$ cat my_file06.pdb   # PDB, C-alpha atoms
MODEL        1
ATOM      1  CA  MET W   1      23.901 -11.241 -12.387  1.00  0.00           C
ATOM      2  CA  ILE W   2      22.367  -9.915  -9.157  1.00  0.00           C
ATOM      3  CA  LYS W   3      18.606  -9.424  -9.351  1.00  0.00           C
ATOM      4  CA  ILE W   4      17.235  -6.516  -7.301  1.00  0.00           C
ATOM      5  CA  LEU W   5      13.595  -6.817  -6.325  1.00  0.00           C
ATOM      6  CA  TYR W   6      12.532  -3.196  -5.736  1.00  0.00           C
ATOM      7  CA  LEU W   7       9.374  -2.677  -3.668  1.00  0.00           C
ATOM      8  CA  HIS W   8       7.878   0.796  -3.955  1.00  0.00           C
ATOM      9  CA  GLY W   9       6.092   2.676  -1.212  1.00  0.00           C
ATOM     10  CA  PHE W  10       2.457   3.389  -0.377  1.00  0.00           C
ATOM     11  CA  LEU W  11       0.531   4.863  -3.334  1.00  0.00           C
ATOM     12  CA  SER W  12       3.726   4.870  -5.397  1.00  0.00           C
ATOM     13  CA  SER W  13       4.447   2.692  -8.423  1.00  0.00           C
ATOM     14  CA  PRO W  14       7.135   0.968 -10.498  1.00  0.00           C
ATOM     15  CA  LEU W  15       7.309   4.263 -12.434  1.00  0.00           C
ATOM     16  CA  SER W  16       8.603   6.185  -9.432  1.00  0.00           C
ATOM     17  CA  THR W  17      11.716   8.336  -9.613  1.00  0.00           C
ATOM     18  CA  LYS W  18      13.711   5.943  -7.399  1.00  0.00           C
ATOM     19  CA  VAL W  19      12.896   2.958  -9.611  1.00  0.00           C
ATOM     20  CA  THR W  20      13.884   4.892 -12.729  1.00  0.00           C
ATOM     21  CA  GLN W  21      17.135   6.100 -11.150  1.00  0.00           C
ATOM     22  CA  LEU W  22      17.975   2.626  -9.881  1.00  0.00           C
ATOM     23  CA  CYS W  23      17.357   1.039 -13.291  1.00  0.00           C
ATOM     24  CA  GLN W  24      19.599   3.657 -14.906  1.00  0.00           C
ATOM     25  CA  GLY W  25      22.258   3.518 -12.203  1.00  0.00           C
ATOM     26  CA  VAL W  26      22.905  -0.183 -11.692  1.00  0.00           C
ATOM     27  CA  GLY W  27      25.042  -0.857 -14.751  1.00  0.00           C
ATOM     28  CA  GLU W  28      26.125  -4.314 -15.859  1.00  0.00           C
ATOM     29  CA  GLY W  29      25.821  -7.212 -13.477  1.00  0.00           C
ATOM     30  CA  PHE W  30      22.467  -6.132 -12.052  1.00  0.00           C
ATOM     31  CA  GLU W  31      18.835  -6.371 -13.101  1.00  0.00           C
ATOM     32  CA  VAL W  32      15.975  -4.509 -11.410  1.00  0.00           C
ATOM     33  CA  LEU W  33      12.535  -6.081 -11.017  1.00  0.00           C
ATOM     34  CA  ALA W  34       9.809  -3.726  -9.779  1.00  0.00           C
ATOM     35  CA  PRO W  35       6.314  -5.173  -9.368  1.00  0.00           C
ATOM     36  CA  ASP W  36       3.238  -2.989  -8.889  1.00  0.00           C
ATOM     37  CA  LEU W  37       2.196  -3.325  -5.241  1.00  0.00           C
ATOM     38  CA  ASN W  38      -1.016  -1.306  -5.356  1.00  0.00           C
ATOM     39  CA  LEU W  39      -2.972  -4.288  -4.107  1.00  0.00           C
ATOM     40  CA  ALA W  40      -4.534  -5.467  -0.874  1.00  0.00           C
ATOM     41  CA  PRO W  41      -1.875  -6.504   1.701  1.00  0.00           C
ATOM     42  CA  PHE W  42      -2.510 -10.254   1.463  1.00  0.00           C
ATOM     43  CA  ASP W  43      -2.396 -10.006  -2.350  1.00  0.00           C
ATOM     44  CA  VAL W  44       0.975  -8.239  -2.126  1.00  0.00           C
ATOM     45  CA  ASP W  45       2.224 -10.967   0.203  1.00  0.00           C
ATOM     46  CA  ARG W  46       1.125 -13.731  -2.183  1.00  0.00           C
ATOM     47  CA  LEU W  47       2.613 -11.910  -5.186  1.00  0.00           C
ATOM     48  CA  LEU W  48       5.996 -11.499  -3.488  1.00  0.00           C
ATOM     49  CA  ASP W  49       6.032 -15.082  -2.225  1.00  0.00           C
ATOM     50  CA  ARG W  50       5.331 -16.301  -5.757  1.00  0.00           C
ATOM     51  CA  LEU W  51       7.981 -14.047  -7.344  1.00  0.00           C
ATOM     52  CA  VAL W  52      10.717 -15.036  -4.891  1.00  0.00           C
ATOM     53  CA  SER W  53       9.815 -18.742  -4.843  1.00  0.00           C
ATOM     54  CA  THR W  54       9.798 -18.876  -8.643  1.00  0.00           C
ATOM     55  CA  HIS W  55      13.142 -17.080  -8.827  1.00  0.00           C
ATOM     56  CA  GLN W  56      14.753 -19.390  -6.290  1.00  0.00           C
ATOM     57  CA  ALA W  57      13.402 -22.469  -8.087  1.00  0.00           C
ATOM     58  CA  THR W  58      14.474 -21.407 -11.578  1.00  0.00           C
ATOM     59  CA  SER W  59      17.584 -19.214 -11.249  1.00  0.00           C
ATOM     60  CA  LYS W  60      21.017 -19.408  -9.690  1.00  0.00           C
ATOM     61  CA  ASP W  61      21.319 -15.608  -9.769  1.00  0.00           C
ATOM     62  CA  PRO W  62      21.390 -13.994  -6.325  1.00  0.00           C
ATOM     63  CA  LEU W  63      18.247 -12.071  -5.407  1.00  0.00           C
ATOM     64  CA  VAL W  64      18.248  -9.061  -3.069  1.00  0.00           C
ATOM     65  CA  VAL W  65      15.341  -6.901  -2.006  1.00  0.00           C
ATOM     66  CA  VAL W  66      15.165  -3.118  -1.727  1.00  0.00           C
ATOM     67  CA  GLY W  67      12.072  -1.498  -0.241  1.00  0.00           C
ATOM     68  CA  SER W  68      10.981   2.076   0.336  1.00  0.00           C
ATOM     69  CA  SER W  69       8.572   3.123   3.104  1.00  0.00           C
ATOM     70  CA  LEU W  70       5.681   0.601   2.990  1.00  0.00           C
ATOM     71  CA  GLY W  71       7.830  -1.291   0.506  1.00  0.00           C
ATOM     72  CA  GLY W  72      10.371  -1.496   3.327  1.00  0.00           C
ATOM     73  CA  PHE W  73       7.799  -3.333   5.435  1.00  0.00           C
ATOM     74  CA  TYR W  74       7.254  -5.877   2.678  1.00  0.00           C
ATOM     75  CA  ALA W  75      10.975  -6.068   1.874  1.00  0.00           C
ATOM     76  CA  ALA W  76      11.889  -6.835   5.485  1.00  0.00           C
ATOM     77  CA  ARG W  77       9.287  -9.607   5.631  1.00  0.00           C
ATOM     78  CA  VAL W  78      10.421 -11.128   2.313  1.00  0.00           C
ATOM     79  CA  ALA W  79      14.059 -10.957   3.396  1.00  0.00           C
ATOM     80  CA  THR W  80      13.192 -12.686   6.670  1.00  0.00           C
ATOM     81  CA  LYS W  81      11.104 -15.405   5.033  1.00  0.00           C
ATOM     82  CA  PHE W  82      13.546 -16.227   2.248  1.00  0.00           C
ATOM     83  CA  GLY W  83      16.911 -15.329   3.802  1.00  0.00           C
ATOM     84  CA  LEU W  84      17.623 -12.434   1.439  1.00  0.00           C
ATOM     85  CA  CYS W  85      19.908  -9.437   1.724  1.00  0.00           C
ATOM     86  CA  ALA W  86      17.781  -6.294   2.171  1.00  0.00           C
ATOM     87  CA  VAL W  87      18.069  -2.533   1.829  1.00  0.00           C
ATOM     88  CA  LEU W  88      15.333  -0.596   3.624  1.00  0.00           C
ATOM     89  CA  LEU W  89      14.795   3.038   2.604  1.00  0.00           C
ATOM     90  CA  ASN W  90      12.950   5.071   5.259  1.00  0.00           C
ATOM     91  CA  PRO W  91      11.166   1.835   6.131  1.00  0.00           C
ATOM     92  CA  CYS W  92       7.775   1.708   7.784  1.00  0.00           C
ATOM     93  CA  PHE W  93       7.700  -1.204  10.219  1.00  0.00           C
ATOM     94  CA  ASN W  94       4.173  -0.457  11.538  1.00  0.00           C
ATOM     95  CA  PRO W  95       2.145   0.649   8.474  1.00  0.00           C
ATOM     96  CA  TRP W  96      -1.234   0.104  10.134  1.00  0.00           C
ATOM     97  CA  THR W  97      -0.614   3.319  12.101  1.00  0.00           C
ATOM     98  CA  PHE W  98      -0.862   5.522   9.003  1.00  0.00           C
ATOM     99  CA  VAL W  99      -2.865   3.476   6.491  1.00  0.00           C
ATOM    100  CA  ARG W 100      -6.055   4.044   8.511  1.00  0.00           C
ATOM    101  CA  SER W 101      -5.817   7.763   7.600  1.00  0.00           C
ATOM    102  CA  TYR W 102      -5.929   6.968   3.872  1.00  0.00           C
ATOM    103  CA  THR W 103      -8.987   4.747   3.584  1.00  0.00           C
ATOM    104  CA  GLY W 104     -11.112   5.324   0.507  1.00  0.00           C
ATOM    105  CA  ILE W 105     -10.211   5.943  -3.120  1.00  0.00           C
ATOM    106  CA  GLN W 106      -6.660   7.276  -3.433  1.00  0.00           C
ATOM    107  CA  THR W 107      -4.714   8.453  -6.466  1.00  0.00           C
ATOM    108  CA  ILE W 108      -1.386   6.738  -7.116  1.00  0.00           C
ATOM    109  CA  TYR W 109       1.331   9.403  -7.122  1.00  0.00           C
ATOM    110  CA  GLY W 110       2.435  10.581 -10.547  1.00  0.00           C
ATOM    111  CA  THR W 111      -0.393   8.789 -12.356  1.00  0.00           C
ATOM    112  CA  ASP W 112      -4.093   9.135 -13.028  1.00  0.00           C
ATOM    113  CA  ARG W 113      -4.716   5.668 -11.577  1.00  0.00           C
ATOM    114  CA  THR W 114      -6.617   5.149  -8.358  1.00  0.00           C
ATOM    115  CA  VAL W 115      -6.704   2.408  -5.768  1.00  0.00           C
ATOM    116  CA  GLU W 116      -9.186   1.688  -2.995  1.00  0.00           C
ATOM    117  CA  VAL W 117      -7.593   1.564   0.444  1.00  0.00           C
ATOM    118  CA  ARG W 118     -10.055  -0.484   2.463  1.00  0.00           C
ATOM    119  CA  PRO W 119     -10.385  -0.230   6.267  1.00  0.00           C
ATOM    120  CA  SER W 120      -9.569  -3.961   6.443  1.00  0.00           C
ATOM    121  CA  PHE W 121      -6.022  -3.176   5.263  1.00  0.00           C
ATOM    122  CA  VAL W 122      -5.193  -1.998   8.797  1.00  0.00           C
ATOM    123  CA  ASP W 123      -5.887  -5.411  10.338  1.00  0.00           C
ATOM    124  CA  ASP W 124      -4.407  -7.213   7.333  1.00  0.00           C
ATOM    125  CA  LEU W 125      -1.063  -5.429   7.721  1.00  0.00           C
ATOM    126  CA  ARG W 126      -1.033  -6.205  11.440  1.00  0.00           C
ATOM    127  CA  ALA W 127      -1.727  -9.855  10.688  1.00  0.00           C
ATOM    128  CA  LEU W 128       1.154  -9.975   8.204  1.00  0.00           C
ATOM    129  CA  ALA W 129       3.505  -8.490  10.808  1.00  0.00           C
ATOM    130  CA  ASP W 130       2.305 -10.981  13.402  1.00  0.00           C
ATOM    131  CA  ASP W 131       2.980 -13.808  10.947  1.00  0.00           C
ATOM    132  CA  VAL W 132       6.474 -12.623   9.912  1.00  0.00           C
ATOM    133  CA  SER W 133       7.768  -9.571  11.734  1.00  0.00           C
ATOM    134  CA  PRO W 134       9.542  -6.930   9.628  1.00  0.00           C
ATOM    135  CA  LEU W 135      11.881  -6.505  12.608  1.00  0.00           C
ATOM    136  CA  ASP W 136      13.285 -10.045  12.393  1.00  0.00           C
ATOM    137  CA  VAL W 137      15.692  -9.328   9.535  1.00  0.00           C
ATOM    138  CA  ASP W 138      19.229 -10.679   9.503  1.00  0.00           C
ATOM    139  CA  ALA W 139      21.081  -7.633  10.841  1.00  0.00           C
ATOM    140  CA  GLN W 140      24.307  -8.603   9.061  1.00  0.00           C
ATOM    141  CA  ARG W 141      22.555  -8.628   5.683  1.00  0.00           C
ATOM    142  CA  THR W 142      20.337  -5.557   6.121  1.00  0.00           C
ATOM    143  CA  LEU W 143      21.102  -1.923   5.380  1.00  0.00           C
ATOM    144  CA  ALA W 144      18.627   0.648   6.725  1.00  0.00           C
ATOM    145  CA  VAL W 145      18.635   4.185   5.340  1.00  0.00           C
ATOM    146  CA  PHE W 146      16.984   7.107   7.125  1.00  0.00           C
ATOM    147  CA  GLY W 147      16.501  10.758   6.206  1.00  0.00           C
ATOM    148  CA  THR W 148      16.474  13.062   9.226  1.00  0.00           C
ATOM    149  CA  ALA W 149      13.923  15.385   7.597  1.00  0.00           C
ATOM    150  CA  ASP W 150      11.467  12.592   6.827  1.00  0.00           C
ATOM    151  CA  GLU W 151       8.096  14.334   6.838  1.00  0.00           C
ATOM    152  CA  VAL W 152       6.060  11.101   6.813  1.00  0.00           C
ATOM    153  CA  LEU W 153       7.680   8.751   9.344  1.00  0.00           C
ATOM    154  CA  GLU W 154       9.614   9.325  12.560  1.00  0.00           C
ATOM    155  CA  TRP W 155      13.116   8.417  11.436  1.00  0.00           C
ATOM    156  CA  GLN W 156      14.365   8.019  15.018  1.00  0.00           C
ATOM    157  CA  ALA W 157      11.788   5.285  15.660  1.00  0.00           C
ATOM    158  CA  GLY W 158      12.944   3.447  12.545  1.00  0.00           C
ATOM    159  CA  ALA W 159      16.607   3.848  13.447  1.00  0.00           C
ATOM    160  CA  LYS W 160      15.882   2.447  16.902  1.00  0.00           C
ATOM    161  CA  ALA W 161      13.837  -0.455  15.488  1.00  0.00           C
ATOM    162  CA  TYR W 162      16.692  -1.393  13.155  1.00  0.00           C
ATOM    163  CA  ALA W 163      19.514  -0.433  15.528  1.00  0.00           C
ATOM    164  CA  SER W 164      21.342  -3.737  15.059  1.00  0.00           C
ATOM    165  CA  CYS W 165      21.512  -3.288  11.282  1.00  0.00           C
ATOM    166  CA  ARG W 166      24.050  -1.289   9.331  1.00  0.00           C
ATOM    167  CA  GLN W 167      22.594   2.199   8.897  1.00  0.00           C
ATOM    168  CA  VAL W 168      23.043   5.235   6.712  1.00  0.00           C
ATOM    169  CA  ILE W 169      21.675   8.426   8.260  1.00  0.00           C
ATOM    170  CA  LEU W 170      21.123  11.212   5.722  1.00  0.00           C
ATOM    171  CA  PRO W 171      21.020  14.629   7.445  1.00  0.00           C
ATOM    172  CA  GLY W 172      18.271  16.861   6.076  1.00  0.00           C
ATOM    173  CA  GLU W 173      16.990  14.224   3.649  1.00  0.00           C
ATOM    174  CA  ASP W 174      13.231  13.843   3.143  1.00  0.00           C
ATOM    175  CA  HIS W 175      10.969  10.784   2.964  1.00  0.00           C
ATOM    176  CA  ARG W 176      11.353  10.459  -0.803  1.00  0.00           C
ATOM    177  CA  ILE W 177      15.169  10.577  -0.469  1.00  0.00           C
ATOM    178  CA  SER W 178      15.535  13.271  -3.099  1.00  0.00           C
ATOM    179  CA  GLN W 179      19.264  12.541  -3.403  1.00  0.00           C
ATOM    180  CA  PHE W 180      18.638   8.833  -3.978  1.00  0.00           C
ATOM    181  CA  GLU W 181      20.721   8.733  -7.149  1.00  0.00           C
ATOM    182  CA  SER W 182      23.884   9.526  -5.183  1.00  0.00           C
ATOM    183  CA  LEU W 183      23.061   6.689  -2.758  1.00  0.00           C
ATOM    184  CA  ILE W 184      22.915   3.990  -5.453  1.00  0.00           C
ATOM    185  CA  PRO W 185      26.664   3.128  -5.427  1.00  0.00           C
ATOM    186  CA  ARG W 186      26.526   2.510  -1.651  1.00  0.00           C
ATOM    187  CA  ILE W 187      23.499   0.272  -2.075  1.00  0.00           C
ATOM    188  CA  LEU W 188      25.164  -1.705  -4.855  1.00  0.00           C
ATOM    189  CA  ASP W 189      28.354  -2.117  -2.831  1.00  0.00           C
ATOM    190  CA  PHE W 190      26.361  -3.403   0.137  1.00  0.00           C
ATOM    191  CA  VAL W 191      24.293  -5.931  -1.816  1.00  0.00           C
ATOM    192  CA  SER W 192      27.282  -7.071  -3.883  1.00  0.00           C
ATOM    193  CA  GLU W 193      29.156  -8.031  -0.716  1.00  0.00           C
ATOM    194  CA  ARG W 194      26.190  -9.839   0.843  1.00  0.00           C
ATOM    195  CA  ALA W 195      24.145 -11.310  -2.008  1.00  0.00           C
TER     196      ALA W 195
ENDMDL
END
$ encode --input "my_file06.pdb" --output "structure tokens"
Amino acid sequence: MIKILYLHGFLSSPLSTKVTQLCQGVGEGFEVLAPDLNLAPFDVDRLLDRLVSTHQATSKDPLVVVGSSLGGFYAARVATKFGLCAVLLNPCFNPWTFVRSYTGIQTIYGTDRTVEVRPSFVDDLRALADDVSPLDVDAQRTLAVFGTADEVLEWQAGAKAYASCRQVILPGEDHRISQFESLIPRILDFVSERA
């Protein structure tokens, strides 16, 4: 059984469309774990370290990580730290550049929940990247997916940053990857070969 640790994006949640589609689309032989990452950056880092360390200490099942947007930042770091196969969906490798525009109380998409984005998050995210760079992934075990109509991040910058990794470029696809469901078989094939 391959365990997929899915890391959602900024102000998203484990109830997002991509998580739901992935859970429904994996079939037998896979299990999806999707923690809520609406926490301060260092708290997210500790949570992920604990989840992965516990899994590796208690299970022989392979663990892979899939991350979207800000979740891609965390996924790349986790993959680097623990030697995991990773799939990065419109990944943000420098989240401090946009998080500063969202300080204050923010509503989590698709919910009535709110989270406080503190100004300190900018420096915290930089510190995490300085500690373990999201760009230091194992290129042979990383798949990076980019939509060319991403309205949030510059997809060309991401494609350049992850140029050594296997890439899927989706012409006309947006930041949310609206056609994500059709991408699931490619993701599963990739992680199955490299988990």
$ closest_residue --input "my_file06.pdb" --among "W:Arg50, W:Arg141, W:Arg118, W:His175" --to "Leu84 of chain W" --atoms "only C-alpha atoms"
W:Arg141
$ atom_distance --input "my_file06.pdb" --atom1 "atom CA of Ala129 of chain W" --atom2 "atom CA of Tyr74 of chain W"
9.3 Å
$ closest_atom_pairs --input "my_file06.pdb" --of "segment 73-122 of chain W" --to "segment 10-29 of chain W" --cutoff "10 Å" --atoms "all atoms listed in the file" --output "JSON lines"
{"residue": "W:Cys92", "atom": "CA", "partner": "W:Phe10", "partner_atom": "CA", "distance": 9.9}
{"residue": "W:Pro95", "atom": "CA", "partner": "W:Phe10", "partner_atom": "CA", "distance": 9.3}
{"residue": "W:Val99", "atom": "CA", "partner": "W:Phe10", "partner_atom": "CA", "distance": 8.7}
{"residue": "W:Tyr102", "atom": "CA", "partner": "W:Leu11", "partner_atom": "CA", "distance": 9.9}
{"residue": "W:Gln106", "atom": "CA", "partner": "W:Leu11", "partner_atom": "CA", "distance": 7.6}
{"residue": "W:Thr107", "atom": "CA", "partner": "W:Leu11", "partner_atom": "CA", "distance": 7.1}
{"residue": "W:Ile108", "atom": "CA", "partner": "W:Leu11", "partner_atom": "CA", "distance": 4.6}
{"residue": "W:Tyr109", "atom": "CA", "partner": "W:Ser12", "partner_atom": "CA", "distance": 5.4}
{"residue": "W:Gly110", "atom": "CA", "partner": "W:Ser16", "partner_atom": "CA", "distance": 7.7}
{"residue": "W:Thr111", "atom": "CA", "partner": "W:Ser13", "partner_atom": "CA", "distance": 8.7}
{"residue": "W:Arg113", "atom": "CA", "partner": "W:Leu11", "partner_atom": "CA", "distance": 9.8}
{"residue": "W:Thr114", "atom": "CA", "partner": "W:Leu11", "partner_atom": "CA", "distance": 8.7}
{"residue": "W:Val115", "atom": "CA", "partner": "W:Leu11", "partner_atom": "CA", "distance": 8.0}
{"residue": "W:Val117", "atom": "CA", "partner": "W:Leu11", "partner_atom": "CA", "distance": 9.5}
$ atom_distance --input "my_file06.pdb" --atom1 "atom CA of Glu151 of chain W" --atom2 "atom CA of Asp130 of chain W"
26.8 Å
$ residues_near_point --input "my_file06.pdb" --point "(9.6, -1.4, 0.6)" --cutoff "12 Å" --atoms "all atoms listed in the file" --output "number ranges by chain"
W: 5-14, 18-19, 34-37, 44, 48, 65-79, 86-93, 95, 134, 144-145
$ resolve_selection --input "my_file06.pdb" --expression "the PyMOL selection byres ((chain W and resi 159) around 12)" --output "ChimeraX atom specification"
/W:88-93,135,143-148,153-158,160-170
$ resolve_selection --input "my_file06.pdb" --expression "the PyMOL selection byres ((chain W and resi 61) around 9)" --output "list in words"
Met1, Ile2, Lys3, His55, Gln56, Ser59, Lys60, Pro62 and Leu63 of chain W
$ resolve_selection --input "my_file06.pdb" --expression "the PyMOL selection byres ((chain W and resi 186-195) around 6)" --output "ChimeraX atom specification"
/W:62,85,183-185
$ atom_distance --input "my_file06.pdb" --atom1 "atom CA of Glu31 of chain W" --atom2 "atom CA of Phe180 of chain W"
17.7 Å
$ closest_residue --input "my_file06.pdb" --among "W:Lys81, W:Ser53, W:Val32, W:Trp96" --to "Arg126 of chain W" --atoms "only C-alpha atoms"
W:Trp96
$ closest_residue --input "my_file06.pdb" --among "W:Asp124, W:Asp131, W:Asp138, W:Asp174" --to "Asp150 of chain W" --atoms "only C-alpha atoms"
W:Asp174
$ closest_residue --input "my_file06.pdb" --among "W:Ile177, W:Ile4, W:Leu128, W:Ala57" --to "Ala40 of chain W" --atoms "all atoms listed in the file"
W:Leu128
